[in-house]
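For reference, query04.pdb (PDB, C-alpha atoms):
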```pdb
ATOM      1  CA  MET A  11       0.000   0.000   0.000
ATOM      2  CA  ASN A  12       1.205   3.516  -0.782
ATOM      3  CA  LYS A  13       2.625   5.035   2.425
ATOM      4  CA  PHE A  14       0.835   8.373   1.981
ATOM      5  CA  MET A  15      -2.480   6.621   1.326
ATOM      6  CA  GLN A  16      -1.890   4.633   4.507
ATOM      7  CA  ILE A  17      -1.657   7.942   6.401
ATOM      8  CA  ALA A  18      -4.789   9.275   4.665
ATOM      9  CA  LYS A  19      -6.644   6.128   5.715
ATOM     10  CA  GLU A  20      -5.449   6.477   9.323
ATOM     11  CA  CYS A  21      -6.643  10.109   9.351
ATOM     12  CA  ALA A  22     -10.035   8.977   8.004
ATOM     13  CA  GLN A  23     -10.409   6.392  10.764
ATOM     14  CA  LYS A  24      -9.173   8.710  13.505
ATOM     15  CA  GLY A  25     -11.626  11.465  12.475
ATOM     16  CA  ALA A  26     -14.584   9.108  12.339
ATOM     17  CA  HIS A  27     -13.703   7.485  15.692
ATOM     18  CA  CYS A  28     -13.491  10.900  17.347
ATOM     19  CA  GLY A  29     -16.813  12.004  15.812
ATOM     20  CA  GLU A  30     -15.141  14.882  13.979
ATOM     21  CA  GLY A  31     -16.809  14.027  10.663
ATOM     22  CA  GLY A  32     -17.128  11.399   7.951
ATOM     23  CA  PRO A  33     -14.447   8.723   7.383
ATOM     24  CA  PHE A  34     -12.318  10.729   4.982
ATOM     25  CA  GLY A  35      -8.623  11.599   5.238
ATOM     26  CA  ALA A  36      -6.120  13.372   2.998
ATOM     27  CA  VAL A  37      -2.420  14.194   2.782
ATOM     28  CA  ILE A  38      -0.499  16.772   0.737
ATOM     29  CA  VAL A  39       3.146  16.030  -0.102
ATOM     30  CA  ASP A  40       5.821  17.758  -2.123
ATOM     31  CA  LYS A  41       7.562  16.092  -5.057
ATOM     32  CA  LYS A  42      10.409  14.895  -2.829
ATOM     33  CA  GLY A  43       7.923  13.003  -0.637
ATOM     34  CA  ASN A  44       7.859  15.390   2.315
ATOM     35  CA  ILE A  45       4.464  15.614   3.992
ATOM     36  CA  ILE A  46       3.165  19.185   4.134
ATOM     37  CA  THR A  47      -0.165  18.511   5.856
ATOM     38  CA  LYS A  48      -2.406  15.611   6.773
ATOM     39  CA  GLY A  49      -6.008  15.940   7.896
ATOM     40  CA  ASN A  50      -9.518  14.566   8.036
ATOM     41  CA  ASN A  51     -13.115  15.559   7.549
ATOM     42  CA  MET A  52     -14.064  18.069  10.275
ATOM     43  CA  VAL A  53     -17.657  18.900   9.263
ATOM     44  CA  LEU A  54     -19.157  17.928  12.623
ATOM     45  CA  ALA A  55     -16.324  19.159  14.850
ATOM     46  CA  ASN A  56     -16.173  22.576  13.164
ATOM     47  CA  ASN A  57     -19.856  22.957  12.171
ATOM     48  CA  ASP A  58     -18.506  23.638   8.692
ATOM     49  CA  PRO A  59     -20.059  21.826   5.709
ATOM     50  CA  THR A  60     -17.013  22.773   3.607
ATOM     51  CA  ALA A  61     -14.538  21.121   6.022
ATOM     52  CA  HIS A  62     -13.950  18.003   3.912
ATOM     53  CA  ALA A  63     -10.533  16.349   4.295
ATOM     54  CA  GLU A  64      -9.214  17.671   0.969
ATOM     55  CA  VAL A  65     -10.360  21.235   1.695
ATOM     56  CA  MET A  66      -8.805  21.023   5.180
ATOM     57  CA  VAL A  67      -5.375  19.984   3.847
ATOM     58  CA  ILE A  68      -5.490  22.522   1.001
ATOM     59  CA  ARG A  69      -6.283  25.371   3.424
ATOM     60  CA  GLU A  70      -3.702  24.227   5.940
ATOM     61  CA  SER A  71      -0.954  23.695   3.334
ATOM     62  CA  CYS A  72      -1.586  27.127   1.799
ATOM     63  CA  LYS A  73      -1.398  28.672   5.251
ATOM     64  CA  LYS A  74       1.879  26.863   6.028
ATOM     65  CA  LEU A  75       3.459  27.667   2.671
ATOM     66  CA  GLY A  76       2.103  31.232   2.420
ATOM     67  CA  THR A  77       0.589  30.767  -1.032
ATOM     68  CA  TYR A  78      -2.722  29.976  -2.731
ATOM     69  CA  ASP A  79      -0.855  28.048  -5.449
ATOM     70  CA  LEU A  80      -0.128  24.363  -4.787
ATOM     71  CA  SER A  81       0.936  23.487  -8.342
ATOM     72  CA  ASN A  82       4.070  21.692  -7.110
ATOM     73  CA  TYR A  83       2.274  19.427  -4.660
ATOM     74  CA  ILE A  84       0.513  16.063  -4.765
ATOM     75  CA  LEU A  85      -2.688  15.121  -2.959
ATOM     76  CA  TYR A  86      -3.597  11.681  -1.578
ATOM     77  CA  THR A  87      -7.156  11.151  -0.399
ATOM     78  CA  SER A  88      -8.872   8.077   1.028
ATOM     79  CA  CYS A  89     -11.943   8.697  -1.199
ATOM     80  CA  GLU A  90     -12.571  10.128  -4.645
ATOM     81  CA  PRO A  91     -12.958  13.894  -4.145
ATOM     82  CA  CYS A  92     -16.552  15.178  -4.255
ATOM     83  CA  PRO A  93     -17.197  17.983  -6.795
ATOM     84  CA  MET A  94     -16.537  20.638  -4.123
ATOM     85  CA  CYS A  95     -13.142  19.145  -3.288
ATOM     86  CA  LEU A  96     -12.235  18.404  -6.896
ATOM     87  CA  SER A  97     -12.962  22.021  -7.821
ATOM     88  CA  ALA A  98     -10.986  23.234  -4.790
ATOM     89  CA  ILE A  99      -8.082  21.055  -5.988
ATOM     90  CA  ILE A 100      -8.273  22.667  -9.435
ATOM     91  CA  TRP A 101      -8.501  26.190  -7.972
ATOM     92  CA  ALA A 102      -5.377  25.348  -5.911
ATOM     93  CA  ASN A 103      -3.605  24.272  -9.144
ATOM     94  CA  ILE A 104      -2.861  20.777  -7.840
ATOM     95  CA  LYS A 105      -2.218  18.592 -10.897
ATOM     96  CA  GLU A 106      -1.771  15.125  -9.394
ATOM     97  CA  VAL A 107      -4.276  13.333  -7.152
ATOM     98  CA  TYR A 108      -4.467   9.744  -5.898
ATOM     99  CA  TYR A 109      -7.675   8.457  -4.346
ATOM    100  CA  ALA A 110      -8.802   5.102  -2.927
ATOM    101  CA  CYS A 111     -12.567   4.566  -2.416
ATOM    102  CA  THR A 112     -15.027   5.795  -5.045
ATOM    103  CA  ARG A 113     -17.999   8.176  -5.092
ATOM    104  CA  GLU A 114     -20.224   5.058  -5.261
ATOM    105  CA  ASP A 115     -18.557   3.663  -2.118
ATOM    106  CA  ALA A 116     -19.316   7.000  -0.374
ATOM    107  CA  GLY A 117     -22.904   6.830  -1.659
ATOM    108  CA  LYS A 118     -23.313   3.356  -0.156
ATOM    109  CA  ILE A 119     -22.507   4.624   3.353
ATOM    110  CA  GLY A 120     -24.962   7.538   2.971
ATOM    111  CA  PHE A 121     -23.000  10.468   1.543
ATOM    112  CA  ARG A 122     -24.280  12.533  -1.392
ATOM    113  CA  ASP A 123     -21.130  12.708  -3.518
ATOM    114  CA  ASP A 124     -22.728  10.823  -6.413
ATOM    115  CA  ILE A 125     -25.934  12.928  -6.275
ATOM    116  CA  ILE A 126     -23.894  16.147  -6.558
ATOM    117  CA  TYR A 127     -21.879  14.691  -9.463
ATOM    118  CA  GLU A 128     -25.149  13.796 -11.207
ATOM    119  CA  TYR A 129     -26.518  17.303 -10.586
ATOM    120  CA  LEU A 130     -23.442  18.805 -12.243
ATOM    121  CA  GLU A 131     -23.912  16.433 -15.176
ATOM    122  CA  GLY A 132     -27.401  17.902 -15.682
ATOM    123  CA  LYS A 133     -29.568  15.459 -13.692
ATOM    124  CA  ASN A 134     -31.638  15.947 -10.457
ATOM    125  CA  LYS A 135     -32.279  19.572 -11.430
ATOM    126  CA  ASP A 136     -34.894  19.976  -8.679
ATOM    127  CA  LEU A 137     -32.200  19.482  -6.004
ATOM    128  CA  ILE A 138     -31.901  23.256  -5.636
ATOM    129  CA  LYS A 139     -33.599  26.429  -6.911
ATOM    130  CA  LEU A 140     -30.968  28.471  -8.742
ATOM    131  CA  GLN A 141     -32.262  31.671 -10.298
ATOM    132  CA  GLN A 142     -30.600  34.540 -12.115
ATOM    133  CA  ILE A 143     -31.531  38.145 -11.274
ATOM    134  CA  ASP A 144     -29.969  41.616 -11.635
ATOM    135  CA  ARG A 145     -27.131  40.696 -14.042
ATOM    136  CA  GLU A 146     -27.114  44.142 -15.657
ATOM    137  CA  GLU A 147     -26.764  45.818 -12.258
ATOM    138  CA  CYS A 148     -23.846  43.581 -11.215
ATOM    139  CA  ILE A 149     -21.773  43.191 -14.392
ATOM    140  CA  HIS A 150     -20.240  46.628 -13.742
ATOM    141  CA  ALA A 151     -18.108  45.175 -10.919
ATOM    142  CA  PHE A 152     -16.577  42.703 -13.417
ATOM    143  CA  LYS A 153     -15.821  45.384 -16.028
ATOM    144  CA  GLU A 154     -14.181  47.533 -13.376
ATOM    145  CA  TYR A 155     -12.027  44.571 -12.253
ATOM    146  CA  LYS A 156     -10.816  43.825 -15.762
ATOM    147  CA  GLU A 157     -10.044  47.466 -16.494
ATOM    148  CA  ASN A 158      -7.872  47.635 -13.380
ATOM    149  CA  ASN A 159      -5.851  44.528 -14.386
ATOM    150  CA  ARG A 160      -6.303  42.884 -11.030
ATOM    151  CA  ILE A 161      -4.554  39.610 -10.131
ATOM    152  CA  ILE A 162      -6.257  36.477 -11.423
ATOM    153  CA  TYR A 163      -5.489  33.546  -9.127
TER     154      TYR A 163
ATOM    155  CA  MET B  24     -32.632  45.813  -7.920
ATOM    156  CA  ASN B  25     -32.994  43.230  -5.162
ATOM    157  CA  LYS B  26     -31.702  44.764  -1.913
ATOM    158  CA  PHE B  27     -29.685  41.687  -0.919
ATOM    159  CA  MET B  28     -28.098  41.478  -4.372
ATOM    160  CA  GLN B  29     -27.182  45.147  -4.006
ATOM    161  CA  ILE B  30     -25.278  44.250  -0.822
ATOM    162  CA  ALA B  31     -23.602  41.257  -2.555
ATOM    163  CA  LYS B  32     -22.487  43.597  -5.340
ATOM    164  CA  GLU B  33     -21.101  46.129  -2.859
ATOM    165  CA  CYS B  34     -19.159  43.334  -1.102
ATOM    166  CA  ALA B  35     -17.761  42.228  -4.493
ATOM    167  CA  GLN B  36     -16.562  45.739  -5.285
ATOM    168  CA  LYS B  37     -15.167  46.355  -1.801
ATOM    169  CA  GLY B  38     -13.170  43.097  -1.865
ATOM    170  CA  ALA B  39     -11.717  43.785  -5.299
ATOM    171  CA  HIS B  40     -10.822  47.385  -4.425
ATOM    172  CA  CYS B  41      -9.011  46.249  -1.291
ATOM    173  CA  GLY B  42      -7.149  43.511  -3.201
ATOM    174  CA  GLU B  43      -8.672  40.797  -1.026
ATOM    175  CA  GLY B  44      -9.668  38.667  -4.023
ATOM    176  CA  GLY B  45     -11.814  38.514  -7.140
ATOM    177  CA  PRO B  46     -14.923  40.718  -7.577
ATOM    178  CA  PHE B  47     -17.393  38.339  -5.970
ATOM    179  CA  GLY B  48     -19.748  38.980  -3.048
ATOM    180  CA  ALA B  49     -22.447  36.975  -1.296
ATOM    181  CA  VAL B  50     -25.107  37.334   1.394
ATOM    182  CA  ILE B  51     -27.033  34.743   3.428
ATOM    183  CA  VAL B  52     -30.471  35.727   4.750
ATOM    184  CA  ASP B  53     -33.187  33.952   6.676
ATOM    185  CA  LYS B  54     -36.727  33.594   5.361
ATOM    186  CA  LYS B  55     -37.853  36.743   7.214
ATOM    187  CA  GLY B  56     -35.213  38.780   5.360
ATOM    188  CA  ASN B  57     -32.709  39.126   8.200
ATOM    189  CA  ILE B  58     -29.104  39.150   7.024
ATOM    190  CA  ILE B  59     -27.031  36.452   8.717
ATOM    191  CA  THR B  60     -23.691  37.120   6.984
ATOM    192  CA  LYS B  61     -22.303  39.063   4.062
ATOM    193  CA  GLY B  62     -18.851  38.569   2.591
ATOM    194  CA  ASN B  63     -16.539  38.592  -0.384
ATOM    195  CA  ASN B  64     -13.862  36.552  -2.096
ATOM    196  CA  MET B  65     -10.803  36.422   0.206
ATOM    197  CA  VAL B  66      -8.489  34.152  -1.833
ATOM    198  CA  LEU B  67      -5.627  36.656  -1.962
ATOM    199  CA  ALA B  68      -6.041  38.130   1.520
ATOM    200  CA  ASN B  69      -6.199  34.705   3.208
ATOM    201  CA  ASN B  70      -3.937  32.731   0.822
ATOM    202  CA  ASP B  71      -6.858  30.311   0.610
ATOM    203  CA  PRO B  72      -8.007  29.080  -2.820
ATOM    204  CA  THR B  73     -11.277  27.887  -1.233
ATOM    205  CA  ALA B  74     -12.136  31.346   0.156
ATOM    206  CA  HIS B  75     -14.742  32.198  -2.482
ATOM    207  CA  ALA B  76     -17.525  34.563  -1.383
ATOM    208  CA  GLU B  77     -20.143  31.792  -1.118
ATOM    209  CA  VAL B  78     -17.823  29.537   0.914
ATOM    210  CA  MET B  79     -16.945  32.473   3.190
ATOM    211  CA  VAL B  80     -20.610  33.253   3.984
ATOM    212  CA  ILE B  81     -21.511  29.579   4.417
ATOM    213  CA  ARG B  82     -18.652  29.051   6.896
ATOM    214  CA  GLU B  83     -19.385  32.268   8.750
ATOM    215  CA  SER B  84     -23.148  31.650   8.925
ATOM    216  CA  CYS B  85     -22.624  28.109  10.219
ATOM    217  CA  LYS B  86     -20.256  29.441  12.852
ATOM    218  CA  LYS B  87     -22.736  32.138  13.920
ATOM    219  CA  LEU B  88     -25.714  29.775  13.987
ATOM    220  CA  GLY B  89     -23.833  26.800  15.480
ATOM    221  CA  THR B  90     -24.911  24.340  12.777
ATOM    222  CA  TYR B  91     -23.699  22.796   9.537
ATOM    223  CA  ASP B  92     -27.282  22.813   8.191
ATOM    224  CA  LEU B  93     -28.477  25.966   6.431
ATOM    225  CA  SER B  94     -31.654  24.467   4.960
ATOM    226  CA  ASN B  95     -33.773  27.406   6.155
ATOM    227  CA  TYR B  96     -31.599  30.095   4.591
ATOM    228  CA  ILE B  97     -31.309  31.807   1.206
ATOM    229  CA  LEU B  98     -28.102  32.755  -0.578
ATOM    230  CA  TYR B  99     -27.576  35.764  -2.858
ATOM    231  CA  THR B 100     -24.352  35.898  -4.863
ATOM    232  CA  SER B 101     -23.101  38.456  -7.371
ATOM    233  CA  CYS B 102     -21.975  35.665  -9.752
ATOM    234  CA  GLU B 103     -23.176  32.177 -10.623
ATOM    235  CA  PRO B 104     -21.509  29.846  -8.100
ATOM    236  CA  CYS B 105     -18.526  27.869  -9.436
ATOM    237  CA  PRO B 106     -18.782  24.068  -9.010
ATOM    238  CA  MET B 107     -16.903  24.253  -5.687
ATOM    239  CA  CYS B 108     -19.355  26.799  -4.292
ATOM    240  CA  LEU B 109     -22.418  25.129  -5.781
ATOM    241  CA  SER B 110     -21.399  21.839  -4.170
ATOM    242  CA  ALA B 111     -20.699  23.623  -0.871
ATOM    243  CA  ILE B 112     -24.215  25.130  -1.099
ATOM    244  CA  ILE B 113     -25.688  21.644  -1.605
ATOM    245  CA  TRP B 114     -23.626  20.182   1.268
ATOM    246  CA  ALA B 115     -24.951  23.043   3.453
ATOM    247  CA  ASN B 116     -28.530  22.086   2.412
ATOM    248  CA  ILE B 117     -29.291  25.564   1.060
ATOM    249  CA  LYS B 118     -32.259  25.167  -1.329
ATOM    250  CA  GLU B 119     -32.656  28.670  -2.766
ATOM    251  CA  VAL B 120     -29.950  30.677  -4.524
ATOM    252  CA  TYR B 121     -30.077  33.917  -6.538
ATOM    253  CA  TYR B 122     -27.108  34.921  -8.679
ATOM    254  CA  ALA B 123     -26.386  37.839 -11.017
ATOM    255  CA  CYS B 124     -23.417  37.477 -13.434
ATOM    256  CA  THR B 125     -22.824  34.150 -15.202
ATOM    257  CA  ARG B 126     -19.948  31.658 -15.404
ATOM    258  CA  GLU B 127     -19.292  33.020 -18.910
ATOM    259  CA  ASP B 128     -19.032  36.566 -17.521
ATOM    260  CA  ALA B 129     -16.466  35.270 -14.982
ATOM    261  CA  GLY B 130     -14.602  33.496 -17.811
ATOM    262  CA  LYS B 131     -14.399  36.749 -19.764
ATOM    263  CA  ILE B 132     -12.515  38.474 -16.938
ATOM    264  CA  GLY B 133     -10.080  35.551 -16.590
ATOM    265  CA  PHE B 134     -11.577  33.145 -14.048
ATOM    266  CA  ARG B 135     -11.797  29.397 -14.674
ATOM    267  CA  ASP B 136     -15.379  28.750 -13.562
ATOM    268  CA  ASP B 137     -16.480  27.633 -17.032
ATOM    269  CA  ILE B 138     -13.415  25.359 -17.470
ATOM    270  CA  ILE B 139     -14.180  23.573 -14.195
ATOM    271  CA  TYR B 140     -17.858  23.184 -15.184
ATOM    272  CA  GLU B 141     -16.725  21.664 -18.503
ATOM    273  CA  TYR B 142     -14.317  19.313 -16.695
ATOM    274  CA  LEU B 143     -17.182  18.050 -14.531
ATOM    275  CA  GLU B 144     -19.283  17.533 -17.662
ATOM    276  CA  GLY B 145     -16.549  15.208 -18.962
ATOM    277  CA  LYS B 146     -14.452  17.587 -21.094
ATOM    278  CA  ASN B 147     -10.817  18.854 -20.639
ATOM    279  CA  LYS B 148      -9.897  15.554 -18.983
ATOM    280  CA  ASP B 149      -6.170  16.394 -19.123
ATOM    281  CA  LEU B 150      -6.710  19.303 -16.698
ATOM    282  CA  ILE B 151      -5.620  17.078 -13.817
ATOM    283  CA  LYS B 152      -4.214  13.585 -13.234
ATOM    284  CA  LEU B 153      -6.686  11.698 -11.057
ATOM    285  CA  GLN B 154      -5.741   8.106 -10.334
ATOM    286  CA  GLN B 155      -7.263   5.395  -8.172
ATOM    287  CA  ILE B 156      -5.030   3.266  -5.936
ATOM    288  CA  ASP B 157      -5.406   1.105  -2.797
ATOM    289  CA  ARG B 158      -9.244   0.896  -2.724
ATOM    290  CA  GLU B 159      -9.242  -2.532  -1.073
ATOM    291  CA  GLU B 160      -6.975  -1.272   1.699
ATOM    292  CA  CYS B 161      -9.170   1.784   2.390
ATOM    293  CA  ILE B 162     -12.730   0.496   2.029
ATOM    294  CA  HIS B 163     -12.511  -0.977   5.547
ATOM    295  CA  ALA B 164     -12.812   2.546   7.037
ATOM    296  CA  PHE B 165     -16.156   2.967   5.245
ATOM    297  CA  LYS B 166     -17.528  -0.401   6.401
ATOM    298  CA  GLU B 167     -16.544   0.398   9.974
ATOM    299  CA  TYR B 168     -18.312   3.778   9.740
ATOM    300  CA  LYS B 169     -21.536   2.257   8.472
ATOM    301  CA  GLU B 170     -21.520  -0.498  11.098
ATOM    302  CA  ASN B 171     -21.218   2.096  13.842
ATOM    303  CA  ASN B 172     -24.216   4.115  12.540
ATOM    304  CA  ARG B 173     -22.331   7.363  12.561
ATOM    305  CA  ILE B 174     -24.025  10.706  11.788
ATOM    306  CA  ILE B 175     -24.428  11.487   8.098
ATOM    307  CA  TYR B 176     -24.463  15.252   7.529
TER     308      TYR B 176
END
```

What does the file become when written as structure tokens?
Amino acid sequence: MNKFMQIAKECAQKGAHCGEGGPFGAVIVDKKGNIITKGNNMVLANNDPTAHAEVMVIRESCKKLGTYDLSNYILYTSCEPCPMCLSAIIWANIKEVYYACTREDAGKIGFRDDIIYEYLEGKNKDLIKLQQIDREECIHAFKEYKENNRIIY
Amino acid sequence: MNKFMQIAKECAQKGAHCGEGGPFGAVIVDKKGNIITKGNNMVLANNDPTAHAEVMVIRESCKKLGTYDLSNYILYTSCEPCPMCLSAIIWANIKEVYYACTREDAGKIGFRDDIIYEYLEGKNKDLIKLQQIDREECIHAFKEYKENNRIIY
């Protein structure tokens, strides 16, 4: 078994045993194999629905390294990232991810990963009411941003 | 213009002017129209690639209310939520969302919202290397979780 995945699994089990959140763990390492951060799902402990293991280690690694760009780092996670985590991984510029269990495995123990994936593929459209209003009034903020050549992360 | 969207827009502009992050703002209100939290993109200020406006107000509202369940609240955001934020909204059980600018508008000023949406629809598959390993070694943590009837959030 991959040694970093072993650590991710141990984090998953530790977090679940302590009641901190679901059984999900993750590790971020550099290309030399040094561990930057390890962590687990903290949704229940932190009352934070965004505190999935991958988001926790991304936030913590960025804090440690003083950057929002993790393009030189590798992520190991005990379960296939949900769409929130996968998008967070892309926003963080991580290019290499290893995962163990699947979204279907997560679905079987009661988590909604597969439902959210299906929603993003165009199914289950009644899951949430999402309505556009006031575009003309808000687009000005975007034009202003572009004109000022602000940093794009 | 909707009064909550007006506030989301002002947050977007304030955050961009201060260099805290992209021009995105969001507000969470209860069904009586009381504002719980307002906020803006803080990616640059916090060195946190997950600190989008919607994630910021979800985290902050959960903290204020002492829950990870926002099913009785409504979210207003100055731009269509990216897949990370949309998934965070679903994980938080928010059922009603109003947005102003679109993913294409965000794309035009340099943000990757539309690229991530396309990735999740099955395109741009070379955006990231995502590989499965060690499922058999990790699935045990899931079985253990289910057997113990842990809380599903």

May I have chain B as a short mmCIF file (atom, residue, chain, number, x, y, z; two decimals) with C-alpha atoms, in the frame of the given file, after a least-squares superposition on chain A that uses all C-alpha atoms paired in order?
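Everything below was put into part-v2.cif:
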```
data_model
loop_
_atom_site.label_atom_id
_atom_site.label_comp_id
_atom_site.auth_asym_id
_atom_site.auth_seq_id
_atom_site.Cartn_x
_atom_site.Cartn_y
_atom_site.Cartn_z
CA MET B 24 0.00 -0.02 0.01
CA ASN B 25 1.19 3.50 -0.78
CA LYS B 26 2.62 5.02 2.42
CA PHE B 27 0.84 8.36 1.98
CA MET B 28 -2.48 6.62 1.32
CA GLN B 29 -1.90 4.63 4.51
CA ILE B 30 -1.65 7.94 6.41
CA ALA B 31 -4.80 9.28 4.66
CA LYS B 32 -6.64 6.13 5.72
CA GLU B 33 -5.46 6.48 9.32
CA CYS B 34 -6.64 10.12 9.35
CA ALA B 35 -10.05 8.98 8.01
CA GLN B 36 -10.41 6.40 10.76
CA LYS B 37 -9.18 8.73 13.50
CA GLY B 38 -11.64 11.48 12.48
CA ALA B 39 -14.59 9.10 12.36
CA HIS B 40 -13.70 7.50 15.70
CA CYS B 41 -13.49 10.91 17.36
CA GLY B 42 -16.81 12.01 15.82
CA GLU B 43 -15.14 14.89 13.99
CA GLY B 44 -16.81 14.03 10.68
CA GLY B 45 -17.13 11.41 7.95
CA PRO B 46 -14.45 8.73 7.38
CA PHE B 47 -12.32 10.73 4.97
CA GLY B 48 -8.62 11.60 5.23
CA ALA B 49 -6.13 13.37 3.00
CA VAL B 50 -2.42 14.19 2.78
CA ILE B 51 -0.50 16.77 0.73
CA VAL B 52 3.14 16.01 -0.11
CA ASP B 53 5.82 17.75 -2.13
CA LYS B 54 7.56 16.09 -5.06
CA LYS B 55 10.42 14.88 -2.82
CA GLY B 56 7.91 13.00 -0.64
CA ASN B 57 7.86 15.40 2.31
CA ILE B 58 4.47 15.61 3.99
CA ILE B 59 3.17 19.18 4.14
CA THR B 60 -0.17 18.51 5.87
CA LYS B 61 -2.41 15.61 6.77
CA GLY B 62 -6.01 15.94 7.89
CA ASN B 63 -9.52 14.58 8.03
CA ASN B 64 -13.13 15.57 7.54
CA MET B 65 -14.06 18.09 10.27
CA VAL B 66 -17.66 18.91 9.27
CA LEU B 67 -19.16 17.94 12.63
CA ALA B 68 -16.33 19.17 14.86
CA ASN B 69 -16.17 22.60 13.16
CA ASN B 70 -19.86 22.97 12.18
CA ASP B 71 -18.50 23.64 8.69
CA PRO B 72 -20.06 21.83 5.71
CA THR B 73 -17.01 22.78 3.61
CA ALA B 74 -14.54 21.12 6.02
CA HIS B 75 -13.95 18.02 3.91
CA ALA B 76 -10.54 16.36 4.29
CA GLU B 77 -9.22 17.67 0.96
CA VAL B 78 -10.37 21.24 1.70
CA MET B 79 -8.81 21.03 5.18
CA VAL B 80 -5.38 19.99 3.83
CA ILE B 81 -5.49 22.53 0.99
CA ARG B 82 -6.28 25.38 3.41
CA GLU B 83 -3.70 24.23 5.93
CA SER B 84 -0.97 23.70 3.32
CA CYS B 85 -1.59 27.13 1.80
CA LYS B 86 -1.39 28.68 5.24
CA LYS B 87 1.87 26.86 6.02
CA LEU B 88 3.46 27.66 2.66
CA GLY B 89 2.11 31.23 2.42
CA THR B 90 0.58 30.77 -1.04
CA TYR B 91 -2.72 29.97 -2.73
CA ASP B 92 -0.85 28.03 -5.45
CA LEU B 93 -0.12 24.36 -4.79
CA SER B 94 0.93 23.47 -8.34
CA ASN B 95 4.07 21.68 -7.12
CA TYR B 96 2.28 19.41 -4.66
CA ILE B 97 0.51 16.05 -4.77
CA LEU B 98 -2.68 15.11 -2.96
CA TYR B 99 -3.59 11.68 -1.58
CA THR B 100 -7.16 11.15 -0.40
CA SER B 101 -8.88 8.08 1.02
CA CYS B 102 -11.95 8.69 -1.20
CA GLU B 103 -12.57 10.13 -4.65
CA PRO B 104 -12.96 13.89 -4.15
CA CYS B 105 -16.55 15.18 -4.26
CA PRO B 106 -17.19 17.98 -6.80
CA MET B 107 -16.54 20.64 -4.13
CA CYS B 108 -13.14 19.15 -3.29
CA LEU B 109 -12.23 18.41 -6.90
CA SER B 110 -12.96 22.02 -7.82
CA ALA B 111 -10.98 23.24 -4.79
CA ILE B 112 -8.07 21.05 -5.99
CA ILE B 113 -8.27 22.66 -9.44
CA TRP B 114 -8.50 26.19 -7.97
CA ALA B 115 -5.38 25.34 -5.90
CA ASN B 116 -3.61 24.26 -9.15
CA ILE B 117 -2.86 20.77 -7.83
CA LYS B 118 -2.20 18.58 -10.91
CA GLU B 119 -1.77 15.11 -9.39
CA VAL B 120 -4.28 13.33 -7.15
CA TYR B 121 -4.47 9.73 -5.90
CA TYR B 122 -7.69 8.45 -4.34
CA ALA B 123 -8.80 5.09 -2.93
CA CYS B 124 -12.57 4.56 -2.41
CA THR B 125 -15.03 5.79 -5.05
CA ARG B 126 -18.01 8.17 -5.09
CA GLU B 127 -20.22 5.06 -5.27
CA ASP B 128 -18.56 3.67 -2.12
CA ALA B 129 -19.32 6.99 -0.37
CA GLY B 130 -22.92 6.82 -1.65
CA LYS B 131 -23.31 3.35 -0.16
CA ILE B 132 -22.52 4.62 3.34
CA GLY B 133 -24.96 7.54 2.98
CA PHE B 134 -23.00 10.47 1.53
CA ARG B 135 -24.29 12.53 -1.40
CA ASP B 136 -21.13 12.70 -3.52
CA ASP B 137 -22.72 10.80 -6.41
CA ILE B 138 -25.92 12.92 -6.29
CA ILE B 139 -23.88 16.13 -6.56
CA TYR B 140 -21.85 14.68 -9.46
CA GLU B 141 -25.13 13.79 -11.22
CA TYR B 142 -26.50 17.30 -10.59
CA LEU B 143 -23.43 18.80 -12.25
CA GLU B 144 -23.89 16.44 -15.19
CA GLY B 145 -27.38 17.92 -15.67
CA LYS B 146 -29.55 15.46 -13.70
CA ASN B 147 -31.62 15.95 -10.47
CA LYS B 148 -32.25 19.57 -11.44
CA ASP B 149 -34.87 19.97 -8.68
CA LEU B 150 -32.18 19.48 -6.01
CA ILE B 151 -31.89 23.25 -5.63
CA LYS B 152 -33.59 26.42 -6.90
CA LEU B 153 -30.97 28.46 -8.74
CA GLN B 154 -32.26 31.66 -10.29
CA GLN B 155 -30.60 34.53 -12.11
CA ILE B 156 -31.53 38.13 -11.26
CA ASP B 157 -29.97 41.61 -11.61
CA ARG B 158 -27.13 40.71 -14.03
CA GLU B 159 -27.11 44.15 -15.64
CA GLU B 160 -26.77 45.82 -12.25
CA CYS B 161 -23.85 43.58 -11.21
CA ILE B 162 -21.78 43.19 -14.38
CA HIS B 163 -20.25 46.63 -13.75
CA ALA B 164 -18.12 45.16 -10.91
CA PHE B 165 -16.58 42.71 -13.41
CA LYS B 166 -15.83 45.39 -16.02
CA GLU B 167 -14.18 47.54 -13.36
CA TYR B 168 -12.04 44.58 -12.24
CA LYS B 169 -10.83 43.83 -15.75
CA GLU B 170 -10.05 47.49 -16.49
CA ASN B 171 -7.88 47.66 -13.39
CA ASN B 172 -5.85 44.55 -14.38
CA ARG B 173 -6.32 42.90 -11.04
CA ILE B 174 -4.57 39.62 -10.14
CA ILE B 175 -6.27 36.48 -11.42
CA TYR B 176 -5.51 33.53 -9.14
#
```

Test item: which residues lie within 12 Å of (-32.2, 26.1, -4.4) counting only C-alpha atoms, as a VMD selection string: (chain A and resid 134 to 142) or (chain B and resid 93 to 99 104 109 to 110 112 to 122)

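Between atom CA of A:Ala110 and atom CA of B:Cys105 the interatomic distance comes to 25.6 Å.
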
Target residues per the PyMOL selection byres ((chain A and resi 163) around 10), formatted as a list in words: Tyr78, Asp79, Trp101, Ala102, Asn103, Arg160, Ile161 and Ile162 of chain A; Gly44, Gly45, Val66, Leu67, Pro72, Gly133, Phe134 and Arg135 of chain B

Long-range neighbours of A:Ala36 as JSON, numbers by chain, 10 Å cut-off, only C-alpha atoms, 2 positions minimum in chain: {"A": [14, 15, 16, 17, 18, 19, 20, 21, 22, 34, 38, 47, 48, 49, 50, 51, 62, 63, 64, 65, 66, 67, 68, 85, 86, 87, 88, 89, 91, 108, 109]}
